[in-house]
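Raw coords-v9.cif, mmCIF, C-alpha atoms:
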data_model
loop_
_atom_site.label_atom_id
_atom_site.label_comp_id
_atom_site.auth_asym_id
_atom_site.auth_seq_id
_atom_site.Cartn_x
_atom_site.Cartn_y
_atom_site.Cartn_z
CA GLN I 25 4.77 16.08 14.11
CA LEU I 26 5.21 19.39 15.91
CA LEU I 27 1.55 20.27 15.36
CA ARG I 28 0.50 16.94 16.82
CA ARG I 29 2.70 17.39 19.86
CA CYS I 30 1.36 20.91 20.44
CA ARG I 31 -2.25 20.06 19.55
CA VAL I 32 -3.65 20.32 23.09
CA ARG I 33 -2.33 23.83 23.63
CA LEU I 34 -3.24 24.98 20.12
CA VAL I 35 -6.81 23.75 20.40
CA GLY I 36 -7.11 25.35 23.82
CA ASP I 37 -5.64 28.77 22.99
CA LEU I 38 -5.97 29.30 19.24
CA GLN I 39 -8.32 32.14 18.22
CA VAL I 40 -9.53 31.06 14.80
CA ALA I 41 -11.83 33.95 13.85
CA PRO I 42 -9.02 36.46 13.08
CA LEU I 43 -7.07 33.82 11.10
CA TRP I 44 -9.35 33.23 8.11
CA ASP I 45 -8.22 36.21 6.01
CA ALA I 46 -4.56 35.63 6.85
CA LEU I 47 -4.79 31.95 5.86
CA LEU I 48 -6.43 32.90 2.56
CA ASN I 49 -3.94 35.68 1.81
CA ARG I 50 -1.03 33.30 2.25
CA GLU I 51 -2.87 30.67 0.17
CA LEU I 52 -2.58 28.08 2.90
CA PHE I 53 -6.22 27.14 2.29
CA THR I 54 -8.84 27.78 -0.36
CA PRO I 55 -12.15 29.46 0.53
CA ASP I 56 -13.93 26.10 0.31
CA MET I 57 -11.43 24.56 2.72
CA ILE I 58 -11.97 27.44 5.16
CA GLU I 59 -15.73 26.89 5.01
CA ASP I 60 -15.24 23.18 5.73
CA ILE I 61 -13.11 24.03 8.76
CA GLN I 62 -15.71 26.51 10.00
CA ARG I 63 -18.41 23.83 9.77
CA ALA I 64 -16.36 21.22 11.64
CA GLY I 65 -18.11 19.51 14.51
CA SER I 66 -20.54 21.81 16.25
CA GLY I 67 -18.87 24.88 14.75
CA SER I 68 -17.43 25.88 18.12
CA ARG I 69 -14.06 27.60 18.37
CA ARG I 70 -12.45 24.42 19.73
CA ASP I 71 -13.87 22.24 16.96
CA GLN I 72 -12.71 24.73 14.33
CA ALA I 73 -9.27 24.95 15.91
CA ARG I 74 -8.97 21.17 16.06
CA GLN I 75 -9.94 20.79 12.38
CA LEU I 76 -7.62 23.64 11.35
CA ILE I 77 -4.62 21.96 12.97
CA THR I 78 -5.56 18.61 11.43
CA ASP I 79 -5.91 20.06 7.92
CA LEU I 80 -2.74 22.10 8.30
CA GLU I 81 -0.77 18.84 8.38
CA THR I 82 -1.71 18.24 4.74
CA ARG I 83 -0.54 21.60 3.37
CA GLY I 84 3.13 20.89 2.69
CA ARG I 85 6.44 21.66 4.31
CA ARG I 86 6.03 25.45 4.15
CA ALA I 87 2.72 25.36 5.98
CA LEU I 88 4.22 25.63 9.47
CA PRO I 89 6.27 28.84 8.94
CA LEU I 90 3.38 30.42 7.05
CA PHE I 91 1.01 29.50 9.87
CA ILE I 92 3.37 31.06 12.42
CA SER I 93 3.35 34.24 10.33
CA CYS I 94 -0.45 34.21 10.36
CA LEU I 95 -0.39 33.97 14.16
CA GLU I 96 1.95 36.95 14.36
CA ASP I 97 -0.23 38.99 11.99
CA THR I 98 -3.33 38.35 14.11
CA GLY I 99 -1.72 39.28 17.42
CA GLN I 100 -1.34 35.74 18.73
CA ASP I 101 2.32 36.30 19.52
CA THR I 102 2.43 33.92 22.48
CA LEU I 103 1.38 30.94 20.36
CA ALA I 104 3.64 32.05 17.51
CA LEU I 105 6.64 32.23 19.85
CA PHE I 106 5.72 28.87 21.37
CA LEU I 107 5.65 27.17 17.96
CA GLN I 108 8.76 28.97 16.73
CA THR I 109 10.75 28.01 19.81
CA SER I 110 9.58 24.41 19.65
CA TRP I 111 10.40 24.27 15.94
CA GLN I 112 13.91 25.58 16.46
CA ALA I 113 14.44 23.09 19.30
CA THR I 114 13.54 20.18 17.04
CA LYS I 115 16.05 21.34 14.43
CA LYS I 116 18.80 21.12 17.03
CA ASP I 117 17.51 17.87 18.52
CA PRO I 118 15.52 15.84 15.95
CA GLU I 119 14.53 13.35 18.66
CA ALA I 120 12.71 16.08 20.55
CA ILE I 121 9.62 15.03 18.59
CA VAL I 122 8.80 11.38 18.13
CA ARG I 123 7.36 10.20 14.86
CA PRO I 124 3.67 9.23 15.17
CA LEU I 125 4.48 5.54 14.81
CA ASP I 126 7.59 5.39 16.96
CA LEU I 127 5.75 3.45 19.62
CA GLU I 128 8.48 1.04 20.56
CA PRO I 129 11.98 1.56 21.98
CA VAL I 130 13.69 0.43 18.80
CA VAL I 131 12.37 0.80 15.25
CA VAL I 132 14.17 -1.09 12.53
CA GLY I 133 13.75 0.68 9.21
CA PRO I 134 14.57 -0.56 5.72
CA THR I 135 17.73 -2.58 5.10
CA GLY I 136 20.80 -0.49 5.70
CA ARG I 137 19.27 2.00 8.13
CA LYS I 138 20.34 2.13 11.74
CA PRO I 139 17.71 1.54 14.42
CA GLU I 140 16.13 4.71 15.76
CA LYS I 141 15.67 4.91 19.51
CA LEU I 142 12.45 6.14 20.97
CA ASN I 143 12.33 9.00 23.44
CA PRO I 144 9.60 7.79 25.83
CA SER I 145 9.17 11.23 27.39
CA HIS I 146 7.23 12.43 24.35
CA PRO I 147 4.32 10.10 23.56
CA ALA I 148 2.51 10.54 20.27
CA PRO I 149 -1.09 11.70 20.61
CA GLY I 150 -3.88 9.93 18.81
CA ASN I 151 -6.42 11.88 16.78
CA LEU I 152 -8.87 10.42 14.32
CA SER I 153 -9.73 12.78 11.52
CA PRO I 154 -11.49 12.51 8.15
CA VAL I 155 -8.25 13.17 6.31
CA VAL I 156 -4.96 11.30 6.67
CA LEU I 157 -4.95 9.98 10.19
CA GLY I 158 -2.35 9.50 12.87
CA PRO I 159 -2.28 6.42 15.08
CA ALA I 160 -3.50 6.05 18.61
CA GLN I 161 -0.99 6.20 21.42
CA LEU I 162 0.46 2.90 22.61
CA ARG I 163 0.81 2.62 26.36
CA ALA I 164 3.13 0.27 28.18
CA GLU I 165 0.22 -1.56 29.80
CA ASP I 166 -1.24 -2.25 26.34
CA LEU I 167 1.70 -4.44 25.46
CA GLY I 168 0.40 -7.22 27.68
CA PRO I 169 2.47 -9.65 29.71
CA GLU I 170 3.44 -11.67 26.66
CA ALA I 171 5.08 -8.78 24.83
CA PRO I 172 8.55 -7.33 25.53
CA ARG I 173 8.53 -4.05 27.40
CA PRO I 174 10.71 -1.00 26.85
CA ALA I 175 13.63 -0.60 29.21
CA GLY I 176 12.71 1.52 32.18
CA ILE I 177 8.96 0.84 31.84
CA GLY I 178 8.72 -2.79 32.84
CA SER I 179 11.06 -5.38 34.20
CA GLY I 180 13.96 -6.26 31.96
CA GLY I 181 15.43 -4.44 28.97
CA LEU I 182 14.84 -4.58 25.26
CA SER I 183 17.61 -4.15 22.74
CA ASP I 184 16.50 -5.51 19.39
CA VAL I 185 12.75 -5.72 18.78
CA ARG I 186 11.04 -4.74 15.55
CA ALA I 187 7.75 -2.85 15.86
CA PRO I 188 5.74 -5.10 13.54
CA GLU I 189 6.92 -8.26 15.30
CA MET I 190 6.06 -6.86 18.71
CA LEU I 191 2.63 -5.62 17.72
CA LYS I 192 1.68 -8.69 15.71
CA ARG I 193 2.14 -10.81 18.82
CA ASN I 194 -0.66 -8.89 20.48
CA ALA I 195 -3.89 -9.18 18.51
CA ARG I 196 -5.42 -6.36 20.54
CA LEU I 197 -3.01 -3.86 19.03
CA ALA I 198 -2.40 -4.95 15.45
CA TYR I 199 -4.06 -6.95 12.73
CA VAL I 200 -2.30 -10.28 12.38
CA LEU I 201 -1.30 -10.88 8.75
CA SER I 202 0.15 -14.36 8.97
CA ALA I 203 -1.76 -16.13 6.19
CA ASP I 204 -0.05 -16.93 2.91
CA PRO I 205 -1.51 -15.68 0.69
CA CYS I 206 -2.42 -12.75 2.89
CA GLY I 207 -5.63 -12.09 0.98
CA HIS I 208 -7.22 -11.20 -2.33
CA CYS I 209 -6.40 -8.00 -4.22
CA VAL I 210 -8.59 -6.93 -7.13
CA ILE I 211 -7.41 -4.11 -9.41
CA ILE I 212 -10.03 -2.47 -11.64
CA ASN I 213 -8.24 -0.55 -14.38
CA ASN I 214 -10.56 1.53 -16.57
CA VAL I 215 -8.64 3.06 -19.47
CA ASN I 216 -10.94 3.16 -22.51
CA PHE I 217 -14.42 4.68 -22.16
CA CYS I 218 -17.26 4.51 -24.65
CA PRO I 219 -17.68 7.67 -26.80
CA ALA I 220 -21.16 8.33 -25.44
CA SER I 221 -19.76 8.68 -21.91
CA GLY I 222 -17.87 11.86 -22.76
CA LEU I 223 -14.87 10.51 -20.85
CA GLY I 224 -11.43 10.40 -22.43
CA ALA I 225 -8.99 7.53 -22.42
CA ARG I 226 -6.84 7.41 -19.27
CA THR I 227 -3.42 7.15 -20.90
CA GLY I 228 -0.79 6.09 -18.37
CA SER I 229 -3.19 4.12 -16.19
CA ASN I 230 -1.71 0.81 -17.37
CA LEU I 231 1.56 1.85 -15.71
CA ASP I 232 -0.30 2.37 -12.44
CA CYS I 233 -1.90 -1.04 -12.83
CA VAL I 234 1.44 -2.79 -13.35
CA LYS I 235 2.92 -1.07 -10.29
CA MET I 236 0.05 -2.06 -8.03
CA GLN I 237 -0.04 -5.61 -9.40
CA ARG I 238 3.65 -6.07 -8.70
CA ARG I 239 3.58 -4.38 -5.31
CA PHE I 240 0.69 -6.33 -3.83
CA SER I 241 2.02 -9.57 -5.25
CA GLN I 242 5.22 -8.89 -3.31
CA LEU I 243 3.09 -8.19 -0.23
CA HIS I 244 1.74 -11.77 -0.48
CA PHE I 245 -1.66 -11.03 -2.03
CA GLN I 246 -3.38 -12.99 -4.77
CA VAL I 247 -3.82 -10.27 -7.38
CA GLU I 248 -6.50 -10.23 -10.07
CA VAL I 249 -6.66 -7.45 -12.69
CA ARG I 250 -9.96 -6.52 -14.35
CA CYS I 251 -9.81 -4.04 -17.24
CA ASP I 252 -12.34 -1.66 -18.79
CA LEU I 253 -15.44 -2.60 -16.82
CA THR I 254 -18.82 -0.92 -17.07
CA ALA I 255 -20.43 0.24 -13.84
CA GLU I 256 -22.54 -2.92 -13.67
CA LYS I 257 -19.55 -5.18 -14.26
CA MET I 258 -17.52 -3.30 -11.64
CA VAL I 259 -20.20 -4.02 -9.05
CA GLN I 260 -20.47 -7.61 -10.25
CA ALA I 261 -16.69 -8.16 -9.93
CA LEU I 262 -16.67 -6.76 -6.39
CA VAL I 263 -19.71 -8.79 -5.35
CA GLU I 264 -17.96 -11.92 -6.64
CA LEU I 265 -14.92 -11.00 -4.55
CA ALA I 266 -17.03 -10.44 -1.44
CA ARG I 267 -18.82 -13.77 -1.88
CA GLN I 268 -15.58 -15.74 -1.82
CA ASP I 269 -14.57 -17.52 1.36
CA HIS I 270 -12.05 -15.31 3.19
CA HIS I 271 -11.93 -17.31 6.43
CA ALA I 272 -8.38 -18.55 5.79
CA LEU I 273 -7.18 -15.09 4.71
CA ASP I 274 -6.28 -12.02 6.76
CA CYS I 275 -6.96 -9.02 4.52
CA CYS I 276 -8.67 -7.80 1.35
CA VAL I 277 -7.54 -5.04 -1.04
CA VAL I 278 -9.42 -3.24 -3.82
CA VAL I 279 -7.60 -0.84 -6.16
CA ILE I 280 -9.72 1.26 -8.56
CA LEU I 281 -8.14 3.27 -11.37
CA SER I 282 -10.75 5.32 -13.22
CA HIS I 283 -12.39 8.70 -13.72
CA GLY I 284 -14.18 10.03 -10.65
CA CYS I 285 -17.06 12.25 -9.61
CA GLN I 286 -19.29 13.29 -6.72
CA ALA I 287 -22.20 11.38 -5.20
CA SER I 288 -24.40 12.02 -2.16
CA HIS I 289 -22.50 11.08 0.96
CA LEU I 290 -22.41 10.50 4.68
CA GLN I 291 -18.86 9.45 5.52
CA PHE I 292 -16.55 8.39 2.67
CA PRO I 293 -15.96 10.68 -0.34
CA GLY I 294 -16.07 9.33 -3.82
CA ALA I 295 -17.68 7.82 -6.85
CA VAL I 296 -15.92 6.22 -9.80
CA TYR I 297 -17.05 5.82 -13.39
CA GLY I 298 -17.48 2.62 -15.33
CA THR I 299 -16.47 2.63 -18.97
CA ASP I 300 -20.11 3.26 -19.91
CA GLY I 301 -20.01 6.61 -18.10
CA CYS I 302 -22.20 5.47 -15.19
CA PRO I 303 -20.85 6.20 -11.69
CA VAL I 304 -20.57 3.78 -8.79
CA SER I 305 -20.37 5.48 -5.40
CA VAL I 306 -17.72 4.50 -2.90
CA GLU I 307 -20.58 4.05 -0.44
CA ARG I 308 -21.91 1.19 -2.54
CA ILE I 309 -18.46 -0.29 -3.09
CA VAL I 310 -17.56 -0.31 0.60
CA ASN I 311 -20.95 -1.68 1.65
CA ILE I 312 -20.40 -4.71 -0.57
CA PHE I 313 -17.72 -5.73 1.97
CA SER I 314 -19.61 -4.80 5.13
CA GLY I 315 -19.98 -7.24 7.99
CA THR I 316 -23.46 -8.23 6.87
CA SER I 317 -22.59 -8.66 3.18
CA CYS I 318 -19.21 -10.34 3.66
CA PRO I 319 -19.11 -12.05 7.08
CA SER I 320 -15.90 -14.00 6.31
CA LEU I 321 -14.03 -10.66 6.32
CA GLY I 322 -15.47 -9.63 9.68
CA GLY I 323 -12.79 -8.15 11.93
CA LYS I 324 -10.26 -8.17 9.08
CA PRO I 325 -8.87 -5.06 7.36
CA LYS I 326 -10.50 -4.12 4.07
CA LEU I 327 -8.42 -1.61 2.13
CA PHE I 328 -9.54 0.52 -0.82
CA PHE I 329 -7.09 2.58 -2.91
CA ILE I 330 -8.79 4.89 -5.39
CA GLN I 331 -7.03 6.79 -8.17
CA ALA I 332 -9.81 9.06 -9.42
CA CYS I 333 -10.77 12.71 -9.25
CA GLY I 334 -12.65 14.09 -6.29
CA GLY I 335 -13.95 17.16 -8.13
CA GLU I 336 -13.12 19.92 -10.60
CA GLN I 337 -11.12 22.30 -8.41
CA LYS I 338 -7.43 22.70 -9.13
CA ASP I 339 -5.42 23.49 -6.01
CA VAL I 340 -2.57 25.68 -7.22
CA GLY I 341 -1.16 25.76 -3.69
CA PHE I 342 2.16 27.56 -3.37
CA GLU I 343 5.16 27.07 -5.59
CA VAL I 344 7.97 24.85 -4.31
CA ALA I 345 11.09 23.44 -5.85
CA LEU I 346 10.75 19.99 -7.38
CA SER I 347 12.04 17.34 -5.00
CA SER I 348 14.16 15.84 -7.75
CA PRO I 349 14.97 16.57 -11.41
CA ASP I 350 12.97 13.50 -12.39
CA ASP I 351 9.70 14.68 -10.86
CA GLU I 352 8.52 15.91 -14.23
CA ALA I 353 9.75 14.01 -17.23
CA PRO I 354 10.59 15.99 -20.41
CA GLY I 355 7.60 16.07 -22.69
CA SER I 356 5.29 14.68 -20.01
CA SER I 357 1.63 15.62 -20.15
CA PRO I 358 -0.33 15.74 -16.89
CA GLU I 359 -4.02 14.95 -17.20
CA SER I 360 -6.76 14.93 -14.61
CA ASP I 361 -9.27 12.17 -13.98
CA ALA I 362 -12.13 14.66 -13.85
CA VAL I 363 -14.82 15.50 -16.38
CA PRO I 364 -16.81 18.76 -16.46
CA PHE I 365 -19.95 18.85 -14.39
CA GLN I 366 -23.10 18.38 -16.45
CA ALA I 367 -26.49 19.39 -15.20
CA GLY I 368 -29.28 16.90 -15.66
CA PRO I 369 -29.94 13.30 -14.70
CA ARG I 370 -26.34 12.16 -15.28
CA PRO I 371 -24.18 12.86 -12.21
CA GLY I 372 -21.22 15.09 -12.96
CA ASP I 373 -17.74 15.41 -11.58
CA GLN I 374 -17.76 17.23 -8.26
CA THR I 375 -16.48 16.61 -4.77
CA ASP I 376 -16.33 12.99 -3.71
CA ALA I 377 -19.12 10.96 -2.20
CA LEU I 378 -19.33 9.71 1.33
CA SER I 379 -20.44 6.23 2.31
CA SER I 380 -22.70 4.85 5.01
CA LEU I 381 -21.44 1.68 6.65
CA PRO I 382 -23.65 -0.78 8.54
CA THR I 383 -20.59 -1.70 10.61
CA PRO I 384 -17.99 1.03 10.17
CA SER I 385 -14.92 -0.84 11.28
CA ASP I 386 -11.85 -2.42 9.71
CA ILE I 387 -12.27 -0.17 6.66
CA LEU I 388 -9.70 2.13 5.09
CA VAL I 389 -10.33 4.17 1.95
CA SER I 390 -7.34 6.04 0.54
CA TYR I 391 -7.96 8.61 -2.17
CA SER I 392 -5.53 10.07 -4.68
CA THR I 393 -6.73 13.59 -3.94
CA PHE I 394 -8.42 15.75 -1.33
CA PRO I 395 -12.24 15.81 -1.73
CA GLY I 396 -13.35 18.36 -4.29
CA PHE I 397 -10.15 18.45 -6.32
CA VAL I 398 -8.85 16.91 -9.50
CA SER I 399 -6.37 14.05 -9.41
CA TRP I 400 -3.36 14.32 -11.69
CA ARG I 401 -2.04 11.56 -13.91
CA ASP I 402 0.99 11.81 -16.17
CA THR I 403 0.40 10.18 -19.54
CA SER I 404 3.96 8.84 -19.69
CA ARG I 405 4.55 7.89 -16.03
CA GLY I 406 1.15 7.22 -14.54
CA SER I 407 -0.43 9.00 -11.58
CA TRP I 408 1.58 10.78 -8.90
CA TYR I 409 -0.45 9.07 -6.19
CA ILE I 410 0.13 5.51 -7.40
CA GLU I 411 3.79 6.18 -8.18
CA THR I 412 4.36 7.56 -4.67
CA LEU I 413 2.27 4.88 -2.95
CA ASP I 414 4.29 2.19 -4.72
CA GLY I 415 7.59 3.76 -3.70
CA VAL I 416 6.56 4.26 -0.07
CA LEU I 417 5.32 0.68 0.25
CA GLU I 418 8.54 -0.61 -1.28
CA ARG I 419 10.72 1.29 1.16
CA TRP I 420 8.74 1.35 4.39
CA ALA I 421 6.17 -1.48 4.43
CA ARG I 422 8.51 -3.66 6.50
CA SER I 423 8.60 -1.38 9.50
CA GLU I 424 5.78 1.16 9.55
CA ASP I 425 2.04 1.08 10.11
CA LEU I 426 -0.23 1.67 7.11
CA GLN I 427 -1.61 4.96 8.43
CA TYR I 428 1.87 6.43 8.77
CA LEU I 429 2.77 5.13 5.31
CA LEU I 430 -0.20 7.03 3.87
CA LEU I 431 0.87 10.18 5.69
CA ARG I 432 4.22 9.81 3.92
CA VAL I 433 2.37 9.45 0.61
CA ALA I 434 0.30 12.58 1.28
CA ASN I 435 3.34 14.67 2.15
CA ALA I 436 5.31 13.46 -0.87
CA VAL I 437 2.52 13.85 -3.42
CA SER I 438 1.51 17.32 -2.16
CA GLU I 439 4.99 18.64 -2.99
CA LYS I 440 5.10 17.42 -6.60
CA GLY I 441 4.84 20.00 -9.36
CA ILE I 442 2.85 23.21 -9.20
CA TYR I 443 -0.52 21.63 -8.46
CA LYS I 444 -0.87 20.28 -4.96
CA GLN I 445 -2.77 17.00 -5.23
CA ILE I 446 -3.19 15.92 -1.62
CA PRO I 447 -4.32 12.35 -0.98
CA GLY I 448 -6.95 11.80 1.68
CA CYS I 449 -7.58 8.85 3.94
CA PHE I 450 -10.90 8.00 5.58
CA ASN I 451 -10.29 5.43 8.22
CA PHE I 452 -12.20 3.05 10.46
CA LEU I 453 -9.33 0.67 11.18
CA ARG I 454 -9.46 -0.47 14.81
CA LYS I 455 -5.84 -1.61 15.02
CA LYS I 456 -2.46 -1.03 13.47
CA LEU I 457 -1.71 -2.73 10.20
CA PHE I 458 1.77 -3.86 9.14
CA PHE I 459 2.05 -5.61 5.79
CA LYS I 460 3.69 -9.01 5.62
CA THR I 461 6.79 -8.62 3.45
CA GLU I 462 8.98 -11.61 4.20
#
What would the structure in this file look like if it were written as structure tokens?
Amino acid sequence: QLLRRCRVRLVGDLQVAPLWDALLNRELFTPDMIEDIQRAGSGSRRDQARQLITDLETRGRRALPLFISCLEDTGQDTLALFLQTSWQATKKDPEAIVRPLDLEPVVVGPTGRKPEKLNPSHPAPGNLSPVVLGPAQLRAEDLGPEAPRPAGIGSGGLSDVRAPEMLKRNARLAYVLSADPCGHCVIINNVNFCPASGLGARTGSNLDCVKMQRRFSQLHFQVEVRCDLTAEKMVQALVELARQDHHALDCCVVVILSHGCQASHLQFPGAVYGTDGCPVSVERIVNIFSGTSCPSLGGKPKLFFIQACGGEQKDVGFEVALSSPDDEAPGSSPESDAVPFQAGPRPGDQTDALSSLPTPSDILVSYSTFPGFVSWRDTSRGSWYIETLDGVLERWARSEDLQYLLLRVANAVSEKGIYKQIPGCFNFLRKKLFFKTE
């Protein structure tokens, strides 16, 4: 939140060239991550600075103090002091920084929490990025004449308005999820792979499947589970879903639990394996639901949640204390959903693929890991990503936008265990999305 508030000054003043060695020495980023930052945009200092600040948000709770130390080591004392002072101020006054989704004067959280008042003097900036994204800023004039206005901005006051209710009344700002059922949700759960594929059984994936089936049923979706599908049958199941009539529905969800690998890409990372060992790229999956292939979902959110590896790298990150004694069950056995890269005609397991969309809008793809890295799954509890996603949706789906929910997931998952599995989110949603939970 502090990085987002200070983004304009950081992008304007940050000297990135002296920082690379310091960032590597403190293990804030891997060499591959540094290279990706250096290639961001046109490769200019501003583009590199902007990408560095964006990626820094995914590096855990210790990233900010370590980054301040890097600034001090490279002689950027003015910026270091600026961040340190701002950081200390927020500790004394938590409302000095507004959460990215605190866009209304009163936010009602889960049952039992007190409403949190918005400080309108600190608007939240909007910044689209190819990782987990923050929302766009909501201005008073965007509320429209039919929506209540915050006290002091328009005529009249506002004392008890929930964010989802306010935004849903204005179709320009939020997707309207009023249908019941809200939409279709298909879960593809690949556990057992044929011996010739060289892929092991994904023990624990059935737990992930049960969690997602229960969660999206509670979110008013019609849920269908398909187990152990070959690549061809995966595509066939998704084509059948896209060919259904979605005119009376408001949303569509696809959850894929499988092994993963790399494929050639343009925008969205990822490819997932069928049980026959053949990969299906996320590009192909997403394009099945494009505006031309599935017109009845035009203008409606299409959400993809993928629990699969994005590559072979293991991000050891920096050691932190477990958030709770239950984070790692006694006798648990973490496994990854990666397979070794194999040269030859069969694609191996590398960084994720990227997709090309005929109409890149109303699409969100959420991955269980950052591109290029393995995705961890506990054989006795299921994957960290699905477990955390389920918990966050249970607690916060009533009051927070999907993008902010996924930022919560990324922060929570990245702090589990020794390995830092950081979910990524590639987003073309045009509006805010609040799930229907009542």
Inset, instruction - Find the residues near segment 93-109 of chain I: any atom within 9 Å, counting all atoms listed in the file, skip ones fewer than 2 places away on the same chain, and give them as number ranges by chain. - result: I: 26-27, 30, 33-34, 37-39, 42-43, 46-47, 50, 88-91, 111-114
Legend entry - Among listed residues I:Ser288, I:Pro205, I:Cys302, I:Ser241, nearest Phe217 of chain I (using all atoms listed in the file):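 Comparing I:Ser288, I:Pro205, I:Cys302, I:Ser241 against Phe217 of chain I, the winner is I:Cys302.
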Inset, instruction - Using all atoms listed in the file, pick whichever of I:Pro55, I:Gly315, I:Gly65, I:Pro293 has the shortest atom-to-atom distance to Cys333 of chain I. - result: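 Closest to Cys333 of chain I, using all atoms listed in the file: I:Pro293.
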Inset, instruction - Please measure the separation of atom CA of Asn216 of chain I and atom CA of Leu253 of chain I, giving the value in Å to one decimal. - result: 9.3 Å
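From atom CA of Lys326 of chain I back to atom CA of Asn311 of chain I, the distance works out to 11.0 Å.
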Legend entry - Distance in Å - atom CA of Leu273 of chain I versus atom CA of Ser390 of chain I: 21.5 Å
Around segment 424-439 of chain I, with edges along x, y and z and 4 Å added on all six sides, what centre and edge lengths do you get, in Å to one decimal, as AutoDock Vina command-line options?
--center_x 2.1 --center_y 9.9 --center_z 3.3 --size_x 15.4 --size_y 25.6 --size_z 21.5
Inset, instruction - Do a neighbour search on Asp274 of chain I at 10 Å with all atoms listed in the file, toss out local chain neighbours closer than 5 positions, and write the hits as a PyMOL selection string. - result: chain I and resi 199-208+245+320-326
Under the rule of at most 12 Å, produce a per-residue listing of segment 192-239 of chain I near segment 408-423 of chain I: chain, number, name, the closest pair of atoms, and the distance in Å, as a Markdown table, using only C-alpha atoms.
| residue | atom | partner | partner_atom | distance |
| --- | --- | --- | --- | --- |
| I:Lys192 | CA | I:Ser423 | CA | 11.8 |
| I:Gly228 | CA | I:Trp408 | CA | 10.8 |
| I:Ser229 | CA | I:Ile410 | CA | 9.5 |
| I:Asn230 | CA | I:Ile410 | CA | 11.2 |
| I:Leu231 | CA | I:Glu411 | CA | 9.0 |
| I:Asp232 | CA | I:Ile410 | CA | 6.0 |
| I:Cys233 | CA | I:Ile410 | CA | 8.7 |
| I:Val234 | CA | I:Ile410 | CA | 10.3 |
| I:Lys235 | CA | I:Asp414 | CA | 6.6 |
| I:Met236 | CA | I:Asp414 | CA | 6.9 |
| I:Gln237 | CA | I:Asp414 | CA | 10.1 |
| I:Arg238 | CA | I:Asp414 | CA | 9.2 |
| I:Arg239 | CA | I:Asp414 | CA | 6.6 |
Legend entry - Picked residues, the PyMOL selection byres ((chain I and resi 75) around 9), expected as a PyMOL selection string: chain I and resi 60-62+64-65+70-74+76-80+153
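In terms of minimum interatomic distance to Ala436 of chain I, I:Arg85 ranks closest within I:Val32, I:Asp45, I:Arg85, I:Ser221, counting only C-alpha atoms.
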